[in-house]
Amino acid sequence: MDKDLIFVQDEAEGKYELLEQMVDKTLGKGLIMTREPILHEIKKREELESTGVIEGVALPHARTEAVKDLILEISIIKNGLDFEALDGKPVNIVFLIVAPEDARKKYIKVLARISRMCRQEGFRDKLQSAEDAEEVYNIIKDLDSE
Amino acid sequence: MDNILLFVISGEKRSSWERAIELSKQFDAALFALYTIDDEQVKRIANLRGRDEIDVSIEMEEEGWKYLYHIEDMAINNEVKSAIFLEEGSPINLLKKHIKDKDIDLLVFDYQKSSGGKGSKTERMIRQIIEYVPCPILIEKDGGK
């Protein structure tokens, strides 16, 4: 997990604007060469599905050959965001996972770890009240090492 | 019919997955897929195999995501709007909660005769589902159409 891929903000303009912002960050860090195939894949999936672990958490994801290794990004939106989920509930925490097609095993392991953390009592509240990326990083690191 | 809930019990690709997707497409309904990690089952397996409960739970969780992502891929390929959920707790209580919260019109799951017979945990769970779930149920007999 990379601290530079964690965002803490009060609000987000919209679901796709947030996802674009997250993908652009990976572009800026040189983790991807081009944003369009990744955004296309994420949007295609998001139009048809949503992944629920616990209320308030979204797990947009995509598998694409446009990335060489799995990328995990985290956004905390303190005031919540309408993520157009089928259950209609807003989200405060977004974990974006983009992985190459052949990294299915790793992808599932990462998902399982995220969902396990999200189900821990108080985890969501801690993340939501974090002030910055450093704090989010430490909360996750501490829990992951338990 | 607007909302269908597929209860993913276990096992590799099952006929209920195809049936639920087929029905969702036919009725233009949203498909919700739910996999539960039964905490009682985790304890039982851990005791039986002399393993740590957390390890058993992690194994079940990874297995659950594997199934859910297979279902999600199937739904996307069929242009069915879907949402997948993995939760830990009592399967019956979680089913009731999801059915109520999501205003489910139909519950779909597989029935596969277990070697444990009528007294087995799965058989008991199926009887409880039939008894307590407040919506129509479609039980797909595994392997048969």
# chains A, B, ... in the order shown; residues from 1 in each chain; ligands from 1
call {"tool": "interface_residues", "arguments": {"of": "chain B", "to": "chain A", "cutoff": "7 Å", "atoms": "only C-alpha atoms", "output": "PyMOL selection string"}}
result
chain B and resi 61-62+65-66+76+79-87+102
call {"tool": "residues_around", "arguments": {"residues": "region 124-137 of chain A", "least_positions_apart": "6", "cutoff": "8 Å", "atoms": "only C-alpha atoms", "output": "MDAnalysis selection string"}}
result
chainID A and resid 3:4 6:8 76:78 92:93 118
call {"tool": "write_last_selection", "arguments": {"atoms": "N, CA, C and O atoms", "output": "PDB file, in the first residue's frame"}}
result
ATOM      1  N   LYS A   3       1.178   5.320   0.473  1.00  0.00           N
ATOM      2  CA  LYS A   3       0.537   6.470   1.134  1.00  0.00           C
ATOM      3  C   LYS A   3       0.048   7.512   0.119  1.00  0.00           C
ATOM      4  O   LYS A   3      -0.939   8.199   0.353  1.00  0.00           O
ATOM      5  N   ASP A   4       0.783   7.624  -0.989  1.00  0.00           N
ATOM      6  CA  ASP A   4       0.406   8.622  -1.999  1.00  0.00           C
ATOM      7  C   ASP A   4      -0.882   8.247  -2.722  1.00  0.00           C
ATOM      8  O   ASP A   4      -1.413   9.052  -3.491  1.00  0.00           O
ATOM      9  N   ILE A   6      -3.617   7.379  -1.139  1.00  0.00           N
ATOM     10  CA  ILE A   6      -4.706   7.516  -0.160  1.00  0.00           C
ATOM     11  C   ILE A   6      -5.164   8.978  -0.178  1.00  0.00           C
ATOM     12  O   ILE A   6      -4.329   9.891  -0.131  1.00  0.00           O
ATOM     13  N   PHE A   7      -6.456   9.182  -0.258  1.00  0.00           N
ATOM     14  CA  PHE A   7      -7.001  10.549  -0.283  1.00  0.00           C
ATOM     15  C   PHE A   7      -7.995  10.731   0.851  1.00  0.00           C
ATOM     16  O   PHE A   7      -8.809   9.837   1.094  1.00  0.00           O
ATOM     17  N   VAL A   8      -7.928  11.868   1.507  1.00  0.00           N
ATOM     18  CA  VAL A   8      -8.932  12.192   2.526  1.00  0.00           C
ATOM     19  C   VAL A   8      -9.544  13.522   2.128  1.00  0.00           C
ATOM     20  O   VAL A   8      -8.827  14.500   1.922  1.00  0.00           O
ATOM     21  N   ILE A  76     -11.271   8.542   1.318  1.00  0.00           N
ATOM     22  CA  ILE A  76     -12.206   8.743   2.422  1.00  0.00           C
ATOM     23  C   ILE A  76     -12.989  10.009   2.098  1.00  0.00           C
ATOM     24  O   ILE A  76     -12.378  11.067   1.872  1.00  0.00           O
ATOM     25  N   ILE A  77     -14.289   9.887   2.037  1.00  0.00           N
ATOM     26  CA  ILE A  77     -15.123  11.065   1.764  1.00  0.00           C
ATOM     27  C   ILE A  77     -15.964  11.293   3.005  1.00  0.00           C
ATOM     28  O   ILE A  77     -16.953  10.588   3.253  1.00  0.00           O
ATOM     29  N   LYS A  78     -15.534  12.245   3.795  1.00  0.00           N
ATOM     30  CA  LYS A  78     -16.117  12.419   5.133  1.00  0.00           C
ATOM     31  C   LYS A  78     -17.625  12.669   5.106  1.00  0.00           C
ATOM     32  O   LYS A  78     -18.361  12.149   5.948  1.00  0.00           O
ATOM     33  N   ASN A  92     -18.708   6.320   2.358  1.00  0.00           N
ATOM     34  CA  ASN A  92     -17.695   7.215   2.915  1.00  0.00           C
ATOM     35  C   ASN A  92     -16.285   6.719   2.609  1.00  0.00           C
ATOM     36  O   ASN A  92     -15.326   7.472   2.730  1.00  0.00           O
ATOM     37  N   ILE A  93     -16.186   5.429   2.292  1.00  0.00           N
ATOM     38  CA  ILE A  93     -14.859   4.850   2.068  1.00  0.00           C
ATOM     39  C   ILE A  93     -14.871   4.107   0.728  1.00  0.00           C
ATOM     40  O   ILE A  93     -15.754   3.276   0.485  1.00  0.00           O
ATOM     41  N   CYS A 118     -12.802  -4.263   6.986  1.00  0.00           N
ATOM     42  CA  CYS A 118     -14.003  -3.421   7.038  1.00  0.00           C
ATOM     43  C   CYS A 118     -15.042  -3.951   8.019  1.00  0.00           C
ATOM     44  O   CYS A 118     -15.870  -3.198   8.506  1.00  0.00           O
TER      45      CYS A 118
END
call {"tool": "select_by_dssp", "arguments": {"residues": "chain B", "states": "helix (DSSP H, G or I)", "output": "MDAnalysis selection string"}}
result
chainID B and resid 15:27 39:49 53:77 91:101 117:119 121:132
call {"tool": "atom_distance", "arguments": {"atom1": "CA of Val94 (chain A)", "atom2": "CA of Ala58 (chain A)"}}
result
4.8 Å
call {"tool": "residues_around", "arguments": {"residues": "Leu81 (chain A)", "least_positions_apart": "4", "cutoff": "8 Å", "atoms": "only C-alpha atoms", "output": "list in words"}}
result
Glu11, Ala12, Gly14, Lys15, Ile77, Pro90, Val91 and Asn92 of chain A
call {"tool": "residues_around", "arguments": {"residues": "Phe7 (chain B)", "least_positions_apart": "5", "cutoff": "10 Å", "atoms": "only C-alpha atoms", "output": "number ranges by chain"}}
result
B: 16-17, 20, 32-36, 85, 91, 95, 107-110
call {"tool": "closest_residue", "arguments": {"among": "A:Glu41, A:Glu73, A:Asp82, A:Asp144", "to": "Glu101 (chain A)", "atoms": "only C-alpha atoms"}}
result
A:Glu41
call {"tool": "closest_residue", "arguments": {"among": "A:His61, A:Lys43, A:Glu13, A:Leu18", "to": "Glu72 (chain B)", "atoms": "only C-alpha atoms"}}
result
A:His61
